[in-house]
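The file structure19.cif contains mmCIF, C-alpha atoms (C1' of nucleotides):
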data_model
#
loop_
_atom_site.label_atom_id
_atom_site.label_comp_id
_atom_site.auth_asym_id
_atom_site.auth_seq_id
_atom_site.Cartn_x
_atom_site.Cartn_y
_atom_site.Cartn_z
CA MET A 21 130.29 101.68 229.13
CA LYS A 22 132.57 103.87 227.07
CA TYR A 23 133.76 102.95 223.61
CA THR A 24 137.46 102.71 224.39
CA GLU A 25 136.87 100.47 227.39
CA ALA A 26 134.53 98.30 225.40
CA LYS A 27 137.06 97.99 222.61
CA GLU A 28 139.76 97.04 225.10
CA GLU A 29 137.54 94.43 226.67
CA LEU A 30 136.49 92.91 223.39
CA ILE A 31 140.08 92.65 222.25
CA GLN A 32 141.00 90.84 225.45
CA ALA A 33 138.08 88.45 225.24
CA TRP A 34 138.67 87.80 221.57
CA GLY A 35 142.29 87.11 222.42
CA ASN A 36 141.26 84.39 224.81
CA LEU A 37 138.77 82.85 222.47
CA GLY A 38 141.21 82.91 219.60
CA TYR A 39 143.73 81.24 221.83
CA SER A 40 141.45 78.32 222.50
CA TRP A 41 140.78 78.14 218.79
CA GLY A 42 144.41 77.47 218.05
CA LEU A 43 145.67 80.98 217.29
CA ASN A 44 147.98 82.51 219.81
CA LYS A 45 146.96 85.33 222.09
CA THR A 46 148.64 88.17 220.24
CA MET A 47 147.52 86.80 216.92
CA ALA A 48 143.94 86.82 218.09
CA GLN A 49 144.27 90.31 219.52
CA ILE A 50 145.66 91.72 216.33
CA HIS A 51 142.80 90.08 214.57
CA ALA A 52 140.25 91.56 216.96
CA LEU A 53 141.78 94.98 216.54
CA LEU A 54 141.56 94.76 212.78
CA MET A 55 138.00 93.47 213.02
CA VAL A 56 136.77 96.51 214.87
CA SER A 57 138.81 99.02 212.94
CA PRO A 58 136.97 100.66 210.05
CA LYS A 59 140.17 101.26 208.16
CA ALA A 60 143.20 99.12 207.45
CA LEU A 61 146.05 99.59 209.95
CA SER A 62 149.82 99.64 209.48
CA ALA A 63 152.19 97.50 211.50
CA GLU A 64 153.15 100.67 213.35
CA GLU A 65 149.59 101.37 214.41
CA ILE A 66 149.06 97.78 215.50
CA MET A 67 152.21 97.91 217.62
CA GLN A 68 150.99 101.06 219.27
CA GLU A 69 147.42 100.04 219.93
CA LEU A 70 148.41 96.75 221.50
CA SER A 71 151.73 97.89 223.00
CA ILE A 72 153.74 95.14 221.43
CA SER A 73 157.15 95.09 219.84
CA ARG A 74 157.91 95.33 216.18
CA GLY A 75 159.10 91.75 215.94
CA ASN A 76 156.09 90.37 217.68
CA ALA A 77 153.74 92.38 215.52
CA ASN A 78 155.52 91.24 212.40
CA MET A 79 155.51 87.57 213.31
CA ASN A 80 151.88 87.44 214.20
CA ILE A 81 150.77 89.47 211.23
CA ARG A 82 152.57 86.96 209.10
CA ALA A 83 150.88 84.09 210.87
CA LEU A 84 147.47 85.68 210.31
CA LEU A 85 148.27 86.12 206.64
CA ASP A 86 149.27 82.47 206.60
CA TRP A 87 145.97 81.40 208.05
CA GLY A 88 144.36 83.54 205.40
CA ILE A 89 142.26 85.58 207.80
CA ILE A 90 143.75 89.01 207.24
CA ALA A 91 144.84 90.66 204.02
CA ARG A 92 147.75 92.88 203.12
CA ILE A 93 146.69 95.98 201.24
CA SER A 94 148.53 98.90 199.71
CA VAL A 95 147.34 102.43 199.91
CA ALA A 96 148.14 104.63 196.94
CA GLY A 97 150.81 107.14 197.75
CA GLU A 98 151.89 105.35 200.92
CA ARG A 99 154.98 103.30 201.19
CA LYS A 100 153.98 101.13 204.07
CA GLU A 101 151.70 98.16 204.03
CA PHE A 102 148.34 98.08 205.71
CA PHE A 103 146.35 95.17 206.98
CA LYS A 104 142.69 94.53 207.20
CA SER A 105 140.71 91.62 208.49
CA GLU A 106 138.00 89.59 206.89
CA LYS A 107 134.96 91.15 208.56
CA ASN A 108 132.58 88.40 207.77
CA VAL A 109 132.55 86.21 210.85
CA TRP A 110 131.20 83.32 208.88
CA ALA A 111 134.03 83.40 206.38
CA LEU A 112 136.41 83.63 209.28
CA ALA A 113 134.99 80.58 211.00
CA ARG A 114 135.22 78.63 207.79
CA GLN A 115 138.82 79.61 207.35
CA VAL A 116 139.69 78.59 210.90
CA ALA A 117 137.87 75.29 210.42
CA LYS A 118 139.85 74.68 207.28
CA GLU A 119 143.19 75.31 208.94
CA ARG A 120 142.39 73.23 211.95
CA ARG A 121 141.20 70.38 209.82
CA LYS A 122 144.54 70.45 208.08
CA ARG A 123 146.55 70.78 211.26
CA GLU A 124 144.67 68.41 213.53
CA LEU A 125 142.21 66.10 211.92
CA GLU A 126 144.38 65.09 208.99
CA PRO A 127 147.30 63.87 211.13
CA ILE A 128 145.11 61.78 213.40
CA LEU A 129 143.28 60.28 210.42
CA LYS A 130 146.62 59.31 208.98
CA VAL A 131 147.66 57.58 212.20
CA LEU A 132 144.30 55.85 212.54
CA LYS A 133 144.60 54.46 209.04
CA GLU A 134 148.13 53.23 209.71
CA VAL A 135 147.27 51.70 213.01
CA ASN A 136 144.10 50.16 211.71
CA ASP A 137 145.85 47.24 210.09
CA VAL A 138 147.85 46.22 213.10
CA GLN A 139 148.19 42.47 213.52
CA THR A 140 146.17 41.26 216.46
CA ASP A 141 148.24 38.79 218.40
CA GLY A 142 145.08 37.27 219.81
CA SER A 143 145.43 38.93 223.22
CA GLU A 144 142.44 40.66 224.72
CA GLU A 145 144.39 43.90 224.74
CA SER A 146 145.06 43.86 221.07
CA LYS A 147 141.45 42.96 220.28
CA GLU A 148 140.20 45.87 222.33
CA PHE A 149 142.70 48.06 220.60
CA LYS A 150 141.42 47.15 217.19
CA LYS A 151 137.89 47.78 218.25
CA VAL A 152 138.66 51.22 219.65
CA VAL A 153 140.67 52.21 216.61
CA LYS A 154 137.82 51.23 214.36
CA GLU A 155 135.41 53.34 216.35
CA LEU A 156 137.74 56.30 216.42
CA LYS A 157 138.32 56.02 212.73
CA ASN A 158 134.64 55.95 212.07
CA PHE A 159 134.08 59.00 214.22
CA ALA A 160 137.00 60.93 212.79
CA GLU A 161 135.85 60.24 209.26
CA LYS A 162 132.34 61.37 209.96
CA SER A 163 133.61 64.53 211.61
CA ASP A 164 135.89 65.15 208.71
CA GLY A 165 132.94 64.91 206.37
CA LEU A 166 130.94 67.30 208.47
CA LEU A 167 133.77 69.79 208.60
CA GLU A 168 134.20 69.48 204.89
CA THR A 169 130.54 70.34 204.41
CA PHE A 170 130.87 73.30 206.72
CA ILE A 171 133.96 74.58 204.96
CA ARG A 172 132.37 74.39 201.55
CA SER A 173 128.96 75.61 202.54
CA GLU A 174 127.18 78.90 202.07
CA GLU A 175 126.21 80.76 205.17
CA SER A 176 122.48 80.97 204.60
CA TRP A 177 122.15 77.38 203.49
CA PHE A 178 124.12 76.17 206.47
CA TRP A 179 122.19 78.04 209.09
CA ASN A 180 118.85 77.23 207.55
CA THR A 181 119.69 73.56 207.61
CA VAL A 182 121.05 73.74 211.12
CA LEU A 183 118.02 75.65 212.25
CA LYS A 184 115.85 72.83 211.03
CA MET A 185 117.97 70.42 213.06
CA MET A 186 117.55 72.44 216.18
CA LYS A 187 113.78 72.32 216.10
CA MET B 7 152.89 46.99 212.35
CA LYS B 8 153.10 45.39 215.76
CA TYR B 9 150.54 45.96 218.46
CA THR B 10 152.81 47.68 220.97
CA GLU B 11 154.13 50.10 218.37
CA ALA B 12 150.64 50.83 217.18
CA LYS B 13 149.47 51.47 220.70
CA GLU B 14 152.38 53.80 221.33
CA GLU B 15 151.69 55.71 218.15
CA LEU B 16 148.00 56.05 218.81
CA ILE B 17 148.66 57.34 222.31
CA GLN B 18 151.01 59.97 220.93
CA ALA B 19 148.61 61.06 218.22
CA TRP B 20 145.69 61.14 220.60
CA GLY B 21 147.82 63.21 222.94
CA ASN B 22 148.30 65.82 220.25
CA LEU B 23 144.69 65.87 219.22
CA GLY B 24 143.52 66.13 222.80
CA TYR B 25 145.91 68.98 223.29
CA SER B 26 144.35 70.99 220.52
CA TRP B 27 140.98 70.18 221.98
CA GLY B 28 141.80 71.91 225.22
CA LEU B 29 143.02 68.99 227.32
CA ASN B 30 146.69 68.91 228.09
CA LYS B 31 149.05 66.44 226.53
CA THR B 32 149.39 64.07 229.45
CA MET B 33 145.70 64.24 230.15
CA ALA B 34 144.97 63.20 226.58
CA GLN B 35 147.54 60.42 226.73
CA ILE B 36 146.12 58.97 229.90
CA HIS B 37 142.79 59.09 228.24
CA ALA B 38 144.06 57.31 225.14
CA LEU B 39 145.67 54.64 227.29
CA LEU B 40 142.46 54.00 229.14
CA MET B 41 140.53 53.96 225.89
CA VAL B 42 142.53 51.12 224.45
CA SER B 43 142.84 49.17 227.64
CA PRO B 44 140.25 46.42 228.07
CA LYS B 45 140.44 46.65 231.84
CA ALA B 46 140.51 49.54 234.27
CA LEU B 47 144.02 50.64 235.27
CA SER B 48 145.41 51.84 238.58
CA ALA B 49 147.38 55.07 238.98
CA GLU B 50 150.46 52.90 239.33
CA GLU B 51 149.91 51.21 236.01
CA ILE B 52 149.24 54.49 234.26
CA MET B 53 152.47 55.94 235.66
CA GLN B 54 154.38 52.96 234.36
CA GLU B 55 152.86 52.76 230.93
CA LEU B 56 153.38 56.44 230.21
CA SER B 57 156.57 56.90 232.25
CA ILE B 58 155.24 59.80 234.22
CA SER B 59 155.54 60.72 237.86
CA ARG B 60 153.04 60.02 240.57
CA GLY B 61 152.10 63.67 240.98
CA ASN B 62 151.61 64.21 237.31
CA ALA B 63 149.47 61.11 237.01
CA ASN B 64 147.38 62.13 239.94
CA MET B 65 146.78 65.67 238.74
CA ASN B 66 145.74 64.66 235.28
CA ILE B 67 143.57 61.80 236.45
CA ARG B 68 141.78 64.29 238.61
CA ALA B 69 141.37 66.67 235.70
CA LEU B 70 139.92 63.90 233.55
CA LEU B 71 137.48 63.02 236.32
CA ASP B 72 136.59 66.70 236.47
CA TRP B 73 135.83 66.79 232.79
CA GLY B 74 133.73 63.74 233.34
CA ILE B 75 135.44 61.62 230.70
CA ILE B 76 136.92 58.91 232.87
CA ALA B 77 135.43 57.13 235.85
CA ARG B 78 136.87 55.95 239.14
CA ILE B 79 135.97 52.37 239.92
CA SER B 80 136.66 50.07 242.81
CA VAL B 81 137.54 46.46 242.45
CA ALA B 82 136.29 44.14 245.17
CA GLY B 83 139.10 43.00 247.39
CA GLU B 84 141.52 45.65 246.12
CA ARG B 85 142.47 48.67 248.10
CA LYS B 86 143.52 50.87 245.24
CA GLU B 87 141.34 52.75 242.84
CA PHE B 88 141.11 51.96 239.19
CA PHE B 89 140.15 54.15 236.31
CA LYS B 90 138.40 53.48 233.10
CA SER B 91 137.46 55.70 230.23
CA GLU B 92 134.19 56.24 228.51
CA LYS B 93 134.68 54.10 225.44
CA ASN B 94 131.93 55.63 223.41
CA VAL B 95 133.63 58.23 221.27
CA TRP B 96 130.37 60.00 220.71
CA ALA B 97 129.70 60.45 224.42
CA LEU B 98 133.23 61.67 224.77
CA ALA B 99 132.85 64.29 222.07
CA ARG B 100 129.66 65.51 223.65
CA GLN B 101 131.35 65.82 226.99
CA VAL B 102 134.25 67.78 225.54
CA ALA B 103 131.83 70.05 223.68
CA LYS B 104 129.99 70.69 226.91
CA GLU B 105 133.10 71.63 228.81
CA ARG B 106 134.43 73.86 226.08
CA ARG B 107 131.14 75.60 225.75
CA LYS B 108 131.30 76.39 229.44
CA ARG B 109 134.93 77.42 229.37
CA GLU B 110 135.05 79.36 226.14
CA LEU B 111 131.79 80.28 224.56
CA GLU B 112 130.06 81.42 227.72
CA PRO B 113 132.72 84.00 228.65
CA ILE B 114 132.80 85.55 225.20
CA LEU B 115 129.00 85.69 225.09
CA LYS B 116 129.04 87.50 228.38
CA VAL B 117 131.51 90.08 227.08
CA LEU B 118 129.60 90.50 223.84
CA LYS B 119 126.42 91.20 225.74
CA GLU B 120 128.14 93.72 227.96
CA VAL B 121 129.89 95.45 225.15
CA ASN B 122 126.80 95.47 222.98
CA ASP B 123 125.25 98.44 224.71
CA VAL B 124 128.26 100.68 224.47
CA GLN B 125 127.41 104.29 223.71
CA THR B 126 128.42 105.24 220.20
CA ASP B 127 130.07 108.62 220.29
CA GLY B 128 129.21 109.15 216.65
CA SER B 129 132.72 108.41 215.39
CA GLU B 130 133.17 106.07 212.50
CA GLU B 131 135.25 103.82 214.72
CA SER B 132 132.57 103.35 217.29
CA LYS B 133 129.94 102.73 214.63
CA GLU B 134 132.07 100.03 213.07
CA PHE B 135 132.62 98.61 216.50
CA LYS B 136 128.92 98.30 217.17
CA LYS B 137 128.37 96.65 213.85
CA VAL B 138 131.09 94.07 214.41
CA VAL B 139 129.91 93.31 217.93
CA LYS B 140 126.41 92.74 216.66
CA GLU B 141 127.65 90.32 214.03
CA LEU B 142 129.85 88.48 216.46
CA LYS B 143 127.04 88.22 218.94
CA ASN B 144 124.75 86.83 216.31
CA PHE B 145 127.32 84.28 215.28
CA ALA B 146 128.23 83.28 218.82
CA GLU B 147 124.57 82.80 219.73
CA LYS B 148 123.90 80.65 216.72
CA SER B 149 126.96 78.55 217.46
CA ASP B 150 125.89 78.23 221.03
CA GLY B 151 122.53 76.92 219.90
CA LEU B 152 124.15 74.45 217.59
CA LEU B 153 126.47 73.20 220.30
CA GLU B 154 123.57 72.92 222.65
CA THR B 155 121.78 70.72 220.14
CA PHE B 156 124.85 68.61 219.70
CA ILE B 157 125.34 68.18 223.42
CA ARG B 158 121.77 67.10 223.99
CA SER B 159 121.43 64.95 220.93
CA GLU B 160 121.41 61.24 220.42
CA GLU B 161 124.11 59.80 218.28
CA SER B 162 121.99 58.15 215.62
CA TRP B 163 119.64 61.09 215.28
CA PHE B 164 122.54 63.51 214.97
CA TRP B 165 124.44 61.62 212.32
CA ASN B 166 121.34 60.84 210.34
CA THR B 167 120.45 64.49 210.27
CA VAL B 168 123.99 65.53 209.45
CA LEU B 169 124.20 62.92 206.74
CA LYS B 170 121.19 64.46 205.10
CA MET B 171 122.94 67.82 205.24
CA MET B 172 125.99 66.45 203.57
CA LYS B 173 124.14 65.22 200.53
"C1'" DT C 14 145.46 52.24 267.82
"C1'" DC C 15 148.97 51.44 264.59
"C1'" DA C 16 151.23 50.98 260.42
"C1'" DA C 17 150.92 49.60 255.69
"C1'" DA C 18 148.85 50.96 251.44
"C1'" DC C 19 147.49 54.17 249.06
"C1'" DT C 20 146.38 59.35 247.49
"C1'" DT C 21 147.18 64.22 247.41
"C1'" DT C 22 149.86 68.33 247.69
"C1'" DC C 23 153.29 71.55 246.52
"C1'" DA C 24 157.81 73.84 246.08
"C1'" DA C 25 161.48 73.26 242.98
"C1'" DT C 26 162.65 72.98 238.45
"C1'" DA C 27 162.46 71.60 233.72
"C1'" DA C 28 160.47 72.39 229.31
"C1'" DC C 29 158.17 75.10 226.30
"C1'" DT C 30 156.30 79.35 224.17
"C1'" DA C 31 156.07 84.26 223.49
"C1'" DT C 32 158.23 88.62 223.26
"C1'" DT C 33 161.71 91.96 222.69
"C1'" DG C 34 164.62 95.01 220.11
"C1'" DA C 35 168.71 95.65 217.75
"C1'" DA C 36 170.71 94.36 213.51
"C1'" DA C 37 170.35 92.79 208.89
"C1'" DG C 38 167.75 92.87 204.82
"C1'" DT C 39 164.84 94.92 201.25
"C1'" DT C 40 162.65 98.34 198.41
"C1'" DC C 41 162.11 102.58 196.41
"C1'" DC C 42 163.12 106.87 194.43
"C1'" DA C 43 165.91 111.32 194.09
"C1'" DT D 26 174.13 104.90 193.79
"C1'" DG D 27 172.91 106.34 198.40
"C1'" DG D 28 170.15 106.50 201.92
"C1'" DA D 29 165.52 106.85 203.92
"C1'" DA D 30 161.59 104.09 204.85
"C1'" DC D 31 160.15 100.23 205.74
"C1'" DT D 32 160.15 94.77 206.79
"C1'" DT D 33 162.17 90.59 208.51
"C1'" DT D 34 165.11 87.86 211.34
"C1'" DC D 35 166.91 85.96 215.41
"C1'" DA D 36 169.50 85.45 219.74
"C1'" DA D 37 168.51 86.74 224.25
"C1'" DT D 38 165.27 86.70 227.71
"C1'" DA D 39 160.86 86.90 229.98
"C1'" DG D 40 156.79 84.48 231.03
"C1'" DT D 41 154.00 80.46 231.27
"C1'" DT D 42 152.84 75.79 231.90
"C1'" DA D 43 154.02 70.96 232.94
"C1'" DT D 44 156.47 67.70 235.63
"C1'" DT D 45 158.87 65.75 239.36
"C1'" DG D 46 159.30 63.45 243.72
"C1'" DA D 47 159.54 63.82 248.47
"C1'" DA D 48 156.61 64.84 252.20
"C1'" DA D 49 152.15 65.21 254.20
"C1'" DG D 50 147.65 63.34 254.42
"C1'" DT D 51 144.12 59.70 254.41
"C1'" DT D 52 142.03 55.24 254.67
"C1'" DT D 53 141.67 50.63 256.03
"C1'" DG D 54 141.95 46.48 258.55
"C1'" DA D 55 144.44 43.59 262.05
#

Could I get this structure in the form of structure tokens?
Amino acid sequence: MKYTEAKEELIQAWGNLGYSWGLNKTMAQIHALLMVSPKALSAEEIMQELSISRGNANMNIRALLDWGIIARISVAGERKEFFKSEKNVWALARQVAKERRKRELEPILKVLKEVNDVQTDGSEESKEFKKVVKELKNFAEKSDGLLETFIRSEESWFWNTVLKMMK
Amino acid sequence: MKYTEAKEELIQAWGNLGYSWGLNKTMAQIHALLMVSPKALSAEEIMQELSISRGNANMNIRALLDWGIIARISVAGERKEFFKSEKNVWALARQVAKERRKRELEPILKVLKEVNDVQTDGSEESKEFKKVVKELKNFAEKSDGLLETFIRSEESWFWNTVLKMMK
DNA sequence: TCAAACTTTCAATAACTATTGAAAGTTCCA
DNA sequence: TGGAACTTTCAATAGTTATTGAAAGTTTGA
């Protein structure tokens, strides 16, 4: 397989994966492109490589900056801005975990806490409800703790520990 | 807070969470409804409770069956089919992990393997590419292993082990 | 075998999300 | 200060996904 094909294919696949991780397709593709590029790219170059419009490029670059997984850098003597991606996959995963925790887990935890002190009216339905909420809350809190550990952890420590688990 | 409100709110929140977990909104809502319901519900009842159409209900019930997170049950003396959800949140999470592994991780692993033996043409770009692919592959394989462990694990064993990690 | 009771399908359409590109905005320096 | 170089915005539109509901299909039992 030739390099350009391979690059193309990886960008596509990364786009799909990123999508199911909560980024959008273009966002993930820009990210993939920056991952495999040895030098920082300008908006112009990104537009060209991925054949996307200026506006689209701009929006998604901004979103990636927001998520904290790419960085804006200036090159001396150049007016335009360049972008480069965090190359460390581990750091990337941690960042994504952090964002998703904020965007997904936190809201549901909030609702579970609210809903947890519902008055049971004595009906079977409401009893079951309480029970399920309690279970969900327990699970969500445990997961939150685990995520927290992951987010704060060092790569080597994490994988060593996990490796032990997997034995 | 009153029970009906609470139920409503939980169903909404669960819908959103499920959505970001790769189910679709209705699918997740049906699931939430079945979770909190002490008895199995018919398609009819689901349609009513969530104010959705017959077709929509049917499609999403089928998808949930597909994912293996709800079950079809028959009630003696009744013609229609009823559905109930796996109530064990843990089992549910494992099932979702399993499906997502199949749908997401496997495809990217396949691409990474393919792309891994690209010919470098000696350019800096292609060298960087190889390096990144190698890293990604490493990460994806480790994650796959971890997921695998999760999917096969027992609840108590898993949380005990994780709890130790979190210390 | 028939028809009531139920389930499934699917074309139409609604709802949502992503993308474009021209225009407005900003920054920089001669 | 003017205008070139660049970035950001946003209304229009394309593209995608979800939903409806009527029609077709299936199952069951009298």

What lies within 8 Å of segment 31-34 of chain D using only C-alpha atoms (C1' of nucleotides), ignoring chain neighbours under 3 positions off, as a PDB file with C-alpha atoms (C1' of nucleotides), in the frame of the given file?
ATOM      1  CA  ASN A  78     155.520  91.240 212.400  1.00  0.00           C
ATOM      2  CA  ARG A  99     154.980 103.300 201.190  1.00  0.00           C
ATOM      3  CA  LYS A 100     153.980 101.130 204.070  1.00  0.00           C
TER       4      LYS A 100
ATOM      5  C1'  DA C  37     170.350  92.790 208.890  1.00  0.00           C
ATOM      6  C1'  DG C  38     167.750  92.870 204.820  1.00  0.00           C
ATOM      7  C1'  DT C  39     164.840  94.920 201.250  1.00  0.00           C
ATOM      8  C1'  DT C  40     162.650  98.340 198.410  1.00  0.00           C
TER       9       DT C  40
END

(149.1, 65.7, 251.7) in this file's frame - what residues fall within 9 Å of it? Use all atoms listed in the file and give the answer as a list of chain:residue names.
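It turns out the residues near that spot are C:DT20, C:DT21, C:DT22, C:DC23, D:DA48, D:DA49, D:DG50, D:DT51.
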
Go through chain D and flag each residue having an atom no more than 8 Å from chain B; for those, report the closest pair of atoms plus their distance in Å to one decimal, using all atoms listed in the file, ordered by chain and rising number, as a Markdown table.
| residue | atom | partner | partner_atom | distance |
| --- | --- | --- | --- | --- |
| D:DT44 | C1' | B:Asn62 | CA | 6.2 |
| D:DT45 | C1' | B:Ser59 | CA | 6.2 |
| D:DG46 | C1' | B:Ser59 | CA | 7.5 |

Picked residues, the PyMOL selection byres ((chain B and resi 144) around 12), expected as a list in words
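Applying the expression gives Asn108, Val109, Trp110 and Trp179 of chain A; Leu115, Leu118, Lys119, Asn122, Lys137, Val138, Val139, Lys140, Glu141, Leu142, Lys143, Phe145, Ala146, Glu147, Lys148, Ser149, Asp150 and Gly151 of chain B.
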
Assuming the chain letters and numbering stay as they are in my file, what does the PyMOL selection byres ((chain B) within 8 of (chain A)) actually select? List them as an mmCIF file with C-alpha atoms, in the frame of the given file.
data_model
loop_
_atom_site.group_PDB
_atom_site.id
_atom_site.type_symbol
_atom_site.label_atom_id
_atom_site.label_comp_id
_atom_site.auth_asym_id
_atom_site.auth_seq_id
_atom_site.Cartn_x
_atom_site.Cartn_y
_atom_site.Cartn_z
ATOM 1 C CA MET B 7 152.890 46.990 212.350
ATOM 2 C CA LYS B 8 153.100 45.390 215.760
ATOM 3 C CA TYR B 9 150.540 45.960 218.460
ATOM 4 C CA ALA B 12 150.640 50.830 217.180
ATOM 5 C CA LYS B 13 149.470 51.470 220.700
ATOM 6 C CA GLU B 15 151.690 55.710 218.150
ATOM 7 C CA LEU B 16 148.000 56.050 218.810
ATOM 8 C CA ALA B 19 148.610 61.060 218.220
ATOM 9 C CA TRP B 20 145.690 61.140 220.600
ATOM 10 C CA LEU B 23 144.690 65.870 219.220
ATOM 11 C CA SER B 26 144.350 70.990 220.520
ATOM 12 C CA GLY B 28 141.800 71.910 225.220
ATOM 13 C CA MET B 41 140.530 53.960 225.890
ATOM 14 C CA VAL B 42 142.530 51.120 224.450
ATOM 15 C CA SER B 43 142.840 49.170 227.640
ATOM 16 C CA PRO B 44 140.250 46.420 228.070
ATOM 17 C CA LYS B 93 134.680 54.100 225.440
ATOM 18 C CA VAL B 95 133.630 58.230 221.270
ATOM 19 C CA TRP B 96 130.370 60.000 220.710
ATOM 20 C CA GLU B 110 135.050 79.360 226.140
ATOM 21 C CA LEU B 111 131.790 80.280 224.560
ATOM 22 C CA PRO B 113 132.720 84.000 228.650
ATOM 23 C CA ILE B 114 132.800 85.550 225.200
ATOM 24 C CA VAL B 117 131.510 90.080 227.080
ATOM 25 C CA LEU B 118 129.600 90.500 223.840
ATOM 26 C CA VAL B 121 129.890 95.450 225.150
ATOM 27 C CA ASP B 123 125.250 98.440 224.710
ATOM 28 C CA VAL B 124 128.260 100.680 224.470
ATOM 29 C CA GLN B 125 127.410 104.290 223.710
ATOM 30 C CA THR B 126 128.420 105.240 220.200
ATOM 31 C CA ASP B 127 130.070 108.620 220.290
ATOM 32 C CA GLU B 130 133.170 106.070 212.500
ATOM 33 C CA GLU B 131 135.250 103.820 214.720
ATOM 34 C CA SER B 132 132.570 103.350 217.290
ATOM 35 C CA GLU B 134 132.070 100.030 213.070
ATOM 36 C CA PHE B 135 132.620 98.610 216.500
ATOM 37 C CA VAL B 138 131.090 94.070 214.410
ATOM 38 C CA GLU B 141 127.650 90.320 214.030
ATOM 39 C CA LEU B 142 129.850 88.480 216.460
ATOM 40 C CA PHE B 145 127.320 84.280 215.280
ATOM 41 C CA GLY B 151 122.530 76.920 219.900
ATOM 42 C CA LEU B 152 124.150 74.450 217.590
ATOM 43 C CA THR B 155 121.780 70.720 220.140
ATOM 44 C CA THR B 167 120.450 64.490 210.270
ATOM 45 C CA VAL B 168 123.990 65.530 209.450
ATOM 46 C CA MET B 171 122.940 67.820 205.240
ATOM 47 C CA MET B 172 125.990 66.450 203.570
#

Rank nothing, just name the residue among A:Leu84, A:Ala60, A:Val95, A:Met79 nearest to chain C, using only C-alpha atoms (C1' of nucleotides).
A:Met79
